[in-house]
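K.L.:
Pasting run-v6.txt below, which is compact mmCIF, C-alpha atoms.
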```
# COMPACT_ATOMS: atom_id res chain seq x y z
CA MET Z 1 113.46 122.71 157.11
CA SER Z 2 111.28 125.39 158.67
CA ARG Z 3 110.23 128.43 156.66
CA SER Z 4 109.29 131.90 157.76
CA ASP Z 5 107.29 134.75 156.25
CA ASP Z 6 108.58 137.20 158.85
CA PRO Z 7 110.46 139.97 156.96
CA GLY Z 8 112.69 140.35 160.02
CA HIS Z 9 114.23 136.97 159.17
CA TYR Z 10 115.47 138.20 155.77
CA PHE Z 11 118.00 140.75 154.57
CA GLN Z 12 116.49 144.25 154.33
CA THR Z 13 117.96 147.56 153.26
CA THR Z 14 118.19 150.46 155.68
CA ASP Z 15 115.41 152.25 153.79
CA SER Z 16 113.07 149.24 153.92
CA LEU Z 17 113.71 148.81 157.64
CA ALA Z 18 112.97 152.49 158.25
CA THR Z 19 109.77 152.24 156.20
CA SER Z 20 108.65 149.15 158.11
CA GLU Z 21 109.31 150.84 161.45
CA ARG Z 22 107.46 153.99 160.39
CA LYS Z 23 104.42 152.04 159.24
CA ALA Z 24 104.41 149.89 162.38
CA ALA Z 25 104.40 153.04 164.52
CA LYS Z 26 101.75 154.76 162.40
CA ALA Z 27 99.53 151.66 162.46
CA LYS Z 28 98.82 152.33 166.15
CA ASN Z 29 96.90 155.55 165.45
CA ASN Z 30 93.13 155.74 165.77
CA TYR Z 31 92.54 158.71 163.48
CA GLY Z 32 89.43 158.17 161.39
CA ASP Z 33 87.96 155.72 163.93
CA PRO Z 34 89.38 152.70 162.05
CA ARG Z 35 87.65 149.39 161.46
CA ARG Z 36 90.54 146.93 161.17
CA LEU Z 37 90.27 143.92 158.89
CA SER Z 38 92.72 141.16 158.09
CA SER Z 39 93.08 141.72 154.34
CA LYS Z 40 93.93 144.56 151.96
CA ILE Z 41 90.85 146.54 150.93
CA LEU Z 42 90.68 147.36 147.22
CA ALA Z 43 87.24 148.96 146.77
CA LEU Z 44 84.19 150.26 148.64
CA LEU Z 45 80.63 151.21 147.85
CA SER Z 46 77.96 153.15 149.74
CA TYR Z 47 74.44 151.70 149.52
CA GLU Z 48 71.61 154.05 150.44
CA THR Z 49 69.41 151.14 151.51
CA TRP Z 50 71.91 150.52 154.31
CA PRO Z 51 72.49 153.99 155.81
CA GLY Z 52 75.59 154.39 157.96
CA GLU Z 53 77.28 151.42 156.29
CA VAL Z 54 79.62 150.70 153.40
CA ILE Z 55 80.36 147.57 151.41
CA ILE Z 56 84.02 146.70 150.92
CA ALA Z 57 85.93 144.33 148.62
CA GLU Z 58 89.08 142.63 149.89
CA ALA Z 59 92.17 141.20 148.24
CA ALA Z 60 91.35 137.92 149.99
CA GLY Z 61 88.17 137.70 147.92
CA VAL Z 62 85.75 138.56 150.73
CA ILE Z 63 82.95 141.13 150.47
CA ARG Z 64 81.90 142.70 153.78
CA ARG Z 65 79.21 145.01 155.06
CA VAL Z 66 80.86 147.48 157.47
CA ASN Z 67 78.83 149.40 160.04
CA LEU Z 68 80.37 152.84 160.65
CA SER Z 69 78.90 153.27 164.13
CA THR Z 70 79.92 149.88 165.54
CA THR Z 71 82.76 147.41 165.05
CA THR Z 72 80.59 145.12 162.92
CA ALA Z 73 82.10 143.97 159.61
CA ARG Z 74 79.76 141.22 158.47
CA PRO Z 75 80.76 139.01 155.51
CA ILE Z 76 78.31 139.07 152.59
CA ALA Z 77 80.05 136.72 150.19
CA ARG Z 78 83.35 135.17 149.18
CA PRO Z 79 83.06 134.49 145.45
CA ARG Z 80 86.64 133.24 145.02
CA PRO Z 81 89.93 133.55 146.97
CA SER Z 82 91.13 136.15 144.45
CA PRO Z 83 91.38 139.96 144.73
CA LEU Z 84 88.12 141.83 144.12
CA THR Z 85 88.67 145.19 142.43
CA SER Z 86 85.29 146.90 142.04
CA LEU Z 87 81.69 146.74 143.30
CA ALA Z 88 78.31 147.73 141.84
CA ILE Z 89 74.66 147.15 142.73
CA SER Z 90 71.93 146.61 140.15
CA PRO Z 91 68.60 144.76 140.09
CA ARG Z 92 68.54 141.36 138.42
CA ALA Z 93 65.19 139.63 137.92
CA GLY Z 94 63.76 142.11 140.43
CA VAL Z 95 66.32 141.29 143.12
CA PRO Z 96 68.97 143.83 144.25
CA THR Z 97 72.25 142.20 143.32
CA LEU Z 98 75.81 143.03 144.28
CA TYR Z 99 78.37 142.57 141.51
CA ALA Z 100 82.08 142.17 142.21
CA ALA Z 101 84.86 142.41 139.61
CA CYS Z 102 87.69 139.95 140.10
CA TRP Z 103 91.28 139.29 139.08
CA ASP Z 104 90.21 135.87 137.76
CA LYS Z 105 88.52 137.60 134.74
CA LEU Z 106 85.00 137.01 136.06
CA ILE Z 107 82.23 139.13 137.54
CA TYR Z 108 80.32 137.63 140.44
CA GLY Z 109 76.71 138.48 141.26
CA THR Z 110 75.32 137.94 144.76
CA PRO Z 111 71.70 138.67 145.78
CA LEU Z 112 71.44 141.12 148.66
CA PRO Z 113 69.11 140.99 151.65
CA THR Z 114 66.52 143.74 151.49
CA SER Z 115 66.73 144.51 155.23
CA ASN Z 116 68.96 143.60 158.16
CA SER Z 117 68.21 139.94 157.51
CA THR Z 118 70.92 137.31 157.55
CA LEU Z 119 72.23 135.31 154.62
CA GLN Z 120 69.81 132.50 155.42
CA SER Z 121 66.86 134.73 154.45
CA LEU Z 122 68.19 135.77 151.03
CA PRO Z 123 65.83 135.31 148.06
CA ALA Z 124 65.80 131.75 146.73
CA TYR Z 125 68.06 132.47 143.81
CA GLN Z 126 71.65 131.45 143.24
CA PRO Z 127 74.74 133.63 142.82
CA HIS Z 128 75.96 133.77 139.22
CA GLU Z 129 78.98 134.62 137.09
CA LEU Z 130 79.48 136.83 134.04
CA ARG Z 131 82.21 135.67 131.66
CA GLY Z 132 83.44 137.93 128.88
CA HIS Z 133 86.87 139.35 129.69
CA THR Z 134 90.25 137.77 128.96
CA ASP Z 135 92.13 139.60 131.72
CA PHE Z 136 91.48 141.22 135.13
CA VAL Z 137 88.13 142.98 135.46
CA LYS Z 138 88.92 146.43 136.84
CA CYS Z 139 85.71 148.46 137.00
CA LEU Z 140 81.92 148.14 136.96
CA LEU Z 141 79.07 150.54 136.17
CA PRO Z 142 75.31 149.87 136.54
CA ALA Z 143 72.93 151.61 134.13
CA GLN Z 144 69.41 151.51 132.69
CA LEU Z 145 68.58 151.09 129.00
CA ALA Z 146 64.93 151.83 128.17
CA GLY Z 147 64.02 150.95 131.76
CA SER Z 148 65.92 147.66 131.84
CA PRO Z 149 69.05 147.12 133.97
CA VAL Z 150 72.45 146.58 132.40
CA LEU Z 151 75.95 146.34 133.80
CA LEU Z 152 79.07 147.69 132.09
CA SER Z 153 82.48 146.27 132.90
CA GLY Z 154 85.98 147.38 131.94
CA GLY Z 155 88.99 145.12 131.96
CA ALA Z 156 92.76 144.99 131.73
CA ASP Z 157 92.13 143.46 128.28
CA GLY Z 158 91.06 146.92 127.07
CA VAL Z 159 87.46 145.79 126.51
CA ILE Z 160 84.19 147.29 127.76
CA CYS Z 161 81.43 144.68 128.07
CA VAL Z 162 77.73 145.54 128.32
CA TRP Z 163 75.68 142.90 130.15
CA ASP Z 164 71.89 142.55 129.94
CA LEU Z 165 70.51 141.98 133.44
CA ALA Z 166 66.84 142.07 132.45
CA SER Z 167 66.44 138.33 132.91
CA VAL Z 168 68.28 135.48 134.56
CA ALA Z 169 68.84 133.75 131.23
CA SER Z 170 70.26 136.71 129.32
CA SER Z 171 72.58 137.88 132.10
CA SER Z 172 74.31 134.52 132.33
CA GLY Z 173 75.18 134.41 128.64
CA LYS Z 174 77.32 136.48 126.33
CA PRO Z 175 77.66 140.28 126.65
CA LEU Z 176 75.09 142.38 124.84
CA HIS Z 177 77.99 144.43 123.38
CA LYS Z 178 81.79 144.42 123.43
CA LEU Z 179 83.50 147.76 122.86
CA HIS Z 180 87.13 148.34 121.88
CA SER Z 181 88.98 151.64 121.73
CA SER Z 182 89.38 153.06 118.23
CA ALA Z 183 93.06 153.60 119.01
CA GLY Z 184 93.67 149.86 119.04
CA GLY Z 185 95.96 148.24 121.57
CA LYS Z 186 94.86 146.90 124.93
CA ALA Z 187 95.15 149.75 127.40
CA ALA Z 188 93.44 148.68 130.62
CA VAL Z 189 90.06 150.29 131.26
CA GLN Z 190 90.34 151.89 134.70
CA CYS Z 191 86.99 153.61 135.24
CA LEU Z 192 83.51 153.97 133.71
CA VAL Z 193 81.01 156.74 134.55
CA LEU Z 194 77.65 157.85 133.16
CA ASP Z 195 77.37 161.31 131.67
CA PRO Z 196 74.78 162.99 133.94
CA LEU Z 197 73.61 165.23 131.08
CA GLY Z 198 72.57 162.20 129.04
CA VAL Z 199 72.69 161.75 125.28
CA PRO Z 200 73.45 165.01 123.41
CA SER Z 201 70.74 166.29 121.08
CA ASP Z 202 73.06 166.28 118.07
CA LEU Z 203 73.57 162.53 118.34
CA ASP Z 204 71.35 160.67 115.88
CA GLU Z 205 69.69 158.39 118.42
CA PRO Z 206 66.02 158.10 119.50
CA SER Z 207 65.20 159.84 122.77
CA GLY Z 208 65.67 157.59 125.78
CA SER Z 209 67.30 154.82 123.74
CA GLY Z 210 70.62 154.82 125.53
CA VAL Z 211 73.26 156.49 127.68
CA VAL Z 212 76.62 158.18 127.19
CA VAL Z 213 79.53 156.65 129.10
CA PHE Z 214 82.97 158.12 129.76
CA SER Z 215 85.92 155.74 130.17
CA SER Z 216 89.48 156.24 131.40
CA SER Z 217 92.40 153.95 130.84
CA SER Z 218 96.07 153.24 131.39
CA ASP Z 219 97.01 155.04 128.15
CA ARG Z 220 95.89 158.44 129.61
CA GLU Z 221 92.96 158.78 127.19
CA ILE Z 222 89.42 159.59 128.31
CA ARG Z 223 86.91 158.35 125.74
CA ARG Z 224 83.16 158.69 125.23
CA TRP Z 225 80.68 156.03 124.14
CA PHE Z 226 77.01 155.68 123.24
CA VAL Z 227 75.48 152.55 124.73
CA GLY Z 228 72.01 151.40 123.69
CA ARG Z 229 70.27 148.07 123.63
CA GLU Z 230 70.45 147.74 119.84
CA ARG Z 231 73.90 149.20 119.32
CA ALA Z 232 76.91 150.72 121.07
CA TYR Z 233 79.85 152.67 119.68
CA GLU Z 234 82.51 155.27 120.40
CA LEU Z 235 81.39 158.83 119.69
CA ALA Z 236 82.93 160.44 116.60
CA GLU Z 237 84.31 163.36 118.62
CA SER Z 238 86.03 160.87 120.93
CA ILE Z 239 87.60 159.01 118.03
CA GLU Z 240 88.89 162.26 116.57
CA SER Z 241 89.93 163.88 119.84
CA PRO Z 242 89.96 161.81 123.02
CA ILE Z 243 90.30 163.92 126.16
CA LEU Z 244 94.00 164.17 127.05
CA ALA Z 245 94.33 165.89 130.40
CA HIS Z 246 97.02 163.74 132.05
CA GLU Z 247 100.49 162.40 131.34
CA THR Z 248 99.72 158.78 132.23
CA SER Z 249 97.01 156.44 133.62
CA VAL Z 250 93.71 157.99 134.69
CA TYR Z 251 92.37 155.94 137.59
CA LYS Z 252 89.07 157.63 138.36
CA LEU Z 253 86.46 159.94 136.83
CA CYS Z 254 83.77 161.82 138.73
CA PHE Z 255 81.15 164.32 137.54
CA ASP Z 256 80.04 167.28 139.63
CA SER Z 257 76.56 168.83 139.70
CA GLU Z 258 77.48 171.16 136.82
CA GLY Z 259 78.29 168.25 134.55
CA ASP Z 260 82.02 169.02 134.66
CA LEU Z 261 84.57 166.26 135.12
CA TRP Z 262 87.05 165.60 137.93
CA THR Z 263 89.87 163.13 137.31
CA ALA Z 264 92.49 161.26 139.36
CA SER Z 265 95.74 160.13 137.77
CA ALA Z 266 99.02 158.31 138.27
CA ASP Z 267 100.77 161.53 137.21
CA GLY Z 268 100.21 162.84 140.75
CA THR Z 269 97.34 165.19 139.98
CA ALA Z 270 93.58 165.46 140.19
CA LYS Z 271 92.06 167.86 137.66
CA HIS Z 272 88.84 169.73 136.95
CA LEU Z 273 87.81 169.69 133.28
CA VAL Z 274 85.16 172.17 132.13
CA ARG Z 275 82.60 170.85 129.66
CA GLU Z 276 81.59 174.22 128.16
CA ARG Z 277 85.22 174.94 127.29
CA GLY Z 278 85.79 171.66 125.49
CA TRP Z 279 87.05 169.86 128.61
CA GLU Z 280 89.70 172.49 129.23
CA ILE Z 281 91.71 172.03 132.44
CA ASP Z 282 90.48 174.57 134.97
CA THR Z 283 92.01 173.37 138.26
CA VAL Z 284 95.02 171.17 139.05
CA LEU Z 285 95.33 169.55 142.50
CA LYS Z 286 98.97 168.45 142.92
CA HIS Z 287 99.96 165.43 145.02
CA PRO Z 288 103.30 163.82 145.88
CA ASP Z 289 102.28 160.44 144.41
CA PHE Z 290 99.60 158.60 142.41
CA VAL Z 291 96.06 159.87 142.97
CA ARG Z 292 93.83 156.80 143.28
CA ASP Z 293 90.37 158.28 143.72
CA VAL Z 294 88.40 161.53 143.67
CA VAL Z 295 84.88 162.37 144.92
CA VAL Z 296 82.96 165.65 144.89
CA ASP Z 297 80.78 166.96 147.72
CA ASP Z 298 78.73 169.52 145.79
CA ALA Z 299 76.74 170.62 148.82
CA ARG Z 300 79.88 171.75 150.66
CA GLY Z 301 81.84 172.80 147.59
CA LEU Z 302 84.60 170.30 148.39
CA VAL Z 303 86.67 167.76 146.48
CA VAL Z 304 88.28 164.80 148.28
CA THR Z 305 91.22 162.81 146.91
CA ALA Z 306 92.93 159.55 147.88
CA CYS Z 307 96.68 159.27 147.35
CA ARG Z 308 99.28 156.52 147.35
CA ASP Z 309 101.19 158.53 149.97
CA GLU Z 310 98.65 157.26 152.58
CA GLU Z 311 96.78 160.58 152.90
CA VAL Z 312 93.23 161.74 152.26
CA ARG Z 313 93.08 165.37 151.13
CA VAL Z 314 90.15 167.81 151.17
CA TRP Z 315 90.16 170.74 148.71
CA GLU Z 316 88.01 173.75 147.91
CA ALA Z 317 86.33 172.90 144.60
CA GLY Z 318 86.15 176.50 143.43
CA SER Z 319 89.66 177.70 144.24
CA GLY Z 320 91.62 174.46 144.41
CA ASP Z 321 92.94 175.45 147.85
CA LEU Z 322 93.94 172.62 150.19
CA VAL Z 323 91.66 172.60 153.25
CA CYS Z 324 92.76 169.53 155.23
CA VAL Z 325 95.13 166.56 154.98
CA TYR Z 326 93.87 163.51 156.87
CA GLY Z 327 96.63 161.14 157.91
CA GLY Z 328 95.54 157.86 159.46
CA HIS Z 329 96.22 155.15 156.92
CA PHE Z 330 99.67 153.59 156.91
CA GLU Z 331 99.52 152.17 153.37
CA GLU Z 332 98.16 153.37 150.04
CA VAL Z 333 94.57 154.70 150.10
CA THR Z 334 92.60 152.79 147.47
CA GLY Z 335 89.09 154.21 147.56
CA LEU Z 336 86.66 156.87 148.81
CA ALA Z 337 82.90 157.11 149.27
CA LEU Z 338 80.66 159.92 150.47
CA VAL Z 339 78.23 158.60 153.09
CA GLU Z 340 75.29 160.73 154.23
CA GLY Z 341 75.82 161.83 157.82
CA TRP Z 342 79.35 160.41 158.00
CA GLY Z 343 81.44 162.62 155.72
CA VAL Z 344 83.84 160.68 153.55
CA VAL Z 345 84.92 157.08 154.12
CA SER Z 346 88.31 155.79 152.95
CA VAL Z 347 89.80 152.31 152.55
CA SER Z 348 93.38 151.19 152.14
CA ILE Z 349 95.62 148.24 151.55
CA ASP Z 350 96.47 148.63 155.25
CA GLY Z 351 93.19 146.76 155.85
CA THR Z 352 91.36 149.62 157.56
CA VAL Z 353 88.14 151.50 156.90
CA ARG Z 354 88.24 155.10 158.21
CA ARG Z 355 85.79 157.99 158.22
CA TRP Z 356 86.58 161.69 158.05
CA SER Z 357 84.52 164.78 158.72
CA LEU Z 358 83.81 167.21 155.90
CA GLU Z 359 82.51 169.84 158.32
CA ARG Z 360 84.86 172.77 158.95
CA LYS Z 361 84.67 172.18 162.70
CA GLY Z 362 85.59 168.51 162.34
CA MET Z 363 88.58 169.32 160.13
CA ARG Z 364 89.80 171.94 162.61
CA GLU Z 365 89.49 169.49 165.49
CA TYR Z 366 91.52 166.91 163.58
CA ALA Z 367 94.28 169.44 162.81
CA GLU Z 368 94.38 170.51 166.46
CA ALA Z 369 94.63 166.89 167.65
CA VAL Z 370 97.56 166.26 165.29
CA GLU Z 371 99.34 169.35 166.60
CA ARG Z 372 98.82 168.26 170.20
CA GLU Z 373 100.24 164.84 169.41
CA LYS Z 374 103.29 166.38 167.73
CA ALA Z 375 103.80 168.52 170.81
CA GLY Z 376 103.70 165.43 173.01
CA GLU Z 377 100.50 166.47 174.76
CA VAL Z 378 98.66 163.31 173.71
CA GLU Z 379 99.84 159.78 174.50
CA GLU Z 380 100.36 157.42 171.61
CA GLY Z 381 96.98 155.93 170.84
CA LYS Z 382 96.36 152.36 171.81
CA VAL Z 383 95.20 150.20 168.93
CA GLU Z 384 91.60 149.24 169.35
CA GLY Z 385 89.22 147.30 167.16
CA ARG Z 386 88.67 143.80 165.94
CA GLU Z 387 91.71 143.52 163.64
CA GLY Z 388 89.80 141.30 161.25
CA VAL Z 389 88.61 138.79 163.88
CA LEU Z 390 85.11 137.49 163.15
CA THR Z 391 82.47 136.53 165.68
CA ALA Z 392 81.41 132.88 165.83
CA GLU Z 393 78.22 133.76 163.94
CA GLU Z 394 80.16 135.52 161.17
CA GLU Z 395 82.66 132.64 160.91
CA ALA Z 396 79.75 130.25 160.43
CA GLU Z 397 78.25 132.48 157.72
CA LEU Z 398 81.56 132.74 155.90
CA ALA Z 399 82.10 128.96 156.15
CA GLU Z 400 78.67 128.40 154.63
CA LEU Z 401 79.50 130.76 151.77
CA MET Z 402 82.78 128.97 151.10
CA ASP Z 403 81.02 125.60 151.11
CA ASP Z 404 78.57 126.96 148.53
CA ASP Z 405 81.53 127.76 146.24
CA ASP Z 406 82.76 124.16 146.24
```
Would you mind writing the structure in this file as structure tokens?
P.N.:
Amino acid sequence: MSRSDDPGHYFQTTDSLATSERKAAKAKNNYGDPRRLSSKILALLSYETWPGEVIIAEAAGVIRRVNLSTTTARPIARPRPSPLTSLAISPRAGVPTLYAACWDKLIYGTPLPTSNSTLQSLPAYQPHELRGHTDFVKCLLPAQLAGSPVLLSGGADGVICVWDLASVASSSGKPLHKLHSSAGGKAAVQCLVLDPLGVPSDLDEPSGSGVVVFSSSSDREIRRWFVGRERAYELAESIESPILAHETSVYKLCFDSEGDLWTASADGTAKHLVRERGWEIDTVLKHPDFVRDVVVDDARGLVVTACRDEEVRVWEAGSGDLVCVYGGHFEEVTGLALVEGWGVVSVSIDGTVRRWSLERKGMREYAEAVEREKAGEVEEGKVEGREGVLTAEEEAELAELMDDDD
């Protein structure tokens, strides 16, 4: 008996049919100059060594290097055919290494080329795995402890692991530390960020011995931790009073240049929390659905948010006024990254990478184009792009990577 994955061959409600038709129509748009790939995109990372490019992580388990000025989306690695949820870059044994968090409970490290070289010219050093979580790994954070590289990871098991990357031997073994919330339970750790102001003077720790890390989780609590090489623990003030700014899961945390905190939550808001006022809520940016990500462009005084309603929104950081709503994605927007010279880049489970201007002129031009299209002055855009098709050279590189996994 033949089988079909075509949803048109199965019973669908009127609402689901209407949604499918809307998304199919919206998928034809070229707003944001899309790079179309064949798999859902769950995370992205900008890497200053590769200007004008971003690194993306796919649900199919592929990591790609996407050029924003061409249609190139070159595969870097395919650790496993499982969804990759987060990316981070940190040196390991002197080699810049890309780490990918995975649904299979592991973290995969892949050495990166130091120029535009191909995979064949990578340093003679094998990819490696970090094993310490008992559930999905959801977020990664690179840091330095006394000049040595470490990697922090947060998982759906509610655990924060600290990995020593100073040597090949130590980074392939057990975590340096394992941290658990003082509240107990196993709320998934959603995000980890370094406090840009460093270790407070009233903390009884030697100067330069560690860092302070903020974590957010699925239980709405934002907690603070000291992480050093010799010891790591939750700060007393965090144990007594975790930051409670949202009603439910906090997906992302982002510090601005003042050391204040911006948050993105499943309660449909992004918020500005002021440090000097005890993390008091100063600004609330309301959305119609989950807010998946938030980034701050301090130079322009703007905040950008990614929402499950498929839109990318630009706000005035000072007033909280909405400046622009970018509509190009036709599925949930999963991540944002500021890229020098390119504005903000967004990714989505629609499999596209899009870029949006943060200049006032660019935002006005986008709004005018949308109005012209609504008025019927612009023909429906023809879909262009590679739609996930690889060149023969890229297929060969990916095949080689998959063979290495066997």
K.L.:
Can you pull out every residue within 12 Å of Gly335 in chain Z, counting only C-alpha atoms, but drop anything in the same chain fewer than 2 positions away, and send it as a ChimeraX atom specification?
P.N.:
/Z:40-46,54-58,85-87,251-252,264,291-295,304-308,310-312,329,332-333,337-338,344-349,351-355
K.L.:
For CA of Ala27 in chain Z and CA of Met363 in chain Z, determine how far apart the two atoms are, in Å to one decimal place.
P.N.:
20.9 Å
K.L.:
From the options Z:Gly343, Z:Glu240, Z:Ser249, Z:Val193, which residue's atoms come nearest to Ser218 in chain Z, counting all atoms listed in the file?
P.N.:
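Looking only at the distances to Ser218 in chain Z, the closest residue turns out to be Z:Ser249.
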K.L.:
So which residues touch Arg92 in chain Z within 10 Å, counting all atoms listed in the file, skipping near sequence neighbours fewer than 3 positions away, as a PyMOL selection string?
P.N.:
chain Z and resi 89+95-98+109-111+148-150+164-168+171
K.L.:
Tell me which of Z:Glu331, Z:Glu316, Z:Tyr99, Z:Ala60 sits closest to Ala299 in chain Z, counting all atoms listed in the file.
P.N.:
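Under the stated criterion, the closest residue is Z:Glu316.
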K.L.:
To one decimal place, how far is CA of Asp309 in chain Z from CA of Tyr366 in chain Z in Å?
P.N.:
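Answer for the CA of Asp309 in chain Z to CA of Tyr366 in chain Z separation: 18.7 Å.
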K.L.:
For Asp297 in chain Z, list every protein, DNA or RNA residue within 9 Å, evaluated using only C-alpha atoms, and leave out those in the same chain fewer than 4 positions away; present the list as a list in words.
P.N.:
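So the residues in contact are Asp256, Gly301, Leu302, Val303, Val304, Ala317, Leu338 and Leu358 of chain Z.
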K.L.:
Could you give me range 66-79 of chain Z completed to N, CA, C and O atoms, formatted as a compact mmCIF listing (two decimals), in the coordinates of the input?
P.N.:
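Produced file part-v1.txt, reproduced below:
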```
# COMPACT_ATOMS: atom_id res chain seq x y z
N VAL Z 66 80.21 146.86 156.31
CA VAL Z 66 80.86 147.48 157.47
C VAL Z 66 79.95 148.56 158.06
O VAL Z 66 79.57 149.50 157.36
N ASN Z 67 79.63 148.41 159.33
CA ASN Z 67 78.83 149.40 160.04
C ASN Z 67 79.76 150.49 160.58
O ASN Z 67 80.73 150.19 161.28
N LEU Z 68 79.47 151.74 160.27
CA LEU Z 68 80.37 152.84 160.65
C LEU Z 68 80.18 153.30 162.10
O LEU Z 68 81.02 154.04 162.62
N SER Z 69 79.13 152.86 162.74
CA SER Z 69 78.90 153.27 164.13
C SER Z 69 79.22 152.18 165.14
O SER Z 69 79.20 152.41 166.34
N THR Z 70 79.53 150.98 164.65
CA THR Z 70 79.92 149.88 165.54
C THR Z 70 81.18 149.24 164.98
O THR Z 70 81.75 149.73 164.02
N THR Z 71 81.59 148.12 165.57
CA THR Z 71 82.76 147.41 165.05
C THR Z 71 82.36 146.27 164.12
O THR Z 71 83.19 145.45 163.75
N THR Z 72 81.08 146.23 163.74
CA THR Z 72 80.59 145.12 162.92
C THR Z 72 81.12 145.21 161.49
O THR Z 72 81.04 146.25 160.84
N ALA Z 73 81.67 144.10 161.01
CA ALA Z 73 82.10 143.97 159.61
C ALA Z 73 81.66 142.59 159.14
O ALA Z 73 82.43 141.64 159.14
N ARG Z 74 80.39 142.51 158.76
CA ARG Z 74 79.76 141.22 158.47
C ARG Z 74 80.07 140.77 157.04
O ARG Z 74 79.88 141.51 156.09
N PRO Z 75 80.52 139.51 156.86
CA PRO Z 75 80.76 139.01 155.51
C PRO Z 75 79.46 138.83 154.74
O PRO Z 75 78.48 138.34 155.27
N ILE Z 76 79.46 139.26 153.48
CA ILE Z 76 78.31 139.07 152.59
C ILE Z 76 78.54 137.88 151.68
O ILE Z 76 77.66 137.06 151.45
N ALA Z 77 79.75 137.79 151.13
CA ALA Z 77 80.05 136.72 150.19
C ALA Z 77 81.56 136.56 150.06
O ALA Z 77 82.33 137.47 150.38
N ARG Z 78 81.97 135.40 149.58
CA ARG Z 78 83.35 135.17 149.18
C ARG Z 78 83.32 134.42 147.86
O ARG Z 78 83.37 133.19 147.83
N PRO Z 79 83.21 135.15 146.74
CA PRO Z 79 83.06 134.49 145.45
C PRO Z 79 84.21 133.55 145.11
O PRO Z 79 84.00 132.43 144.66
```
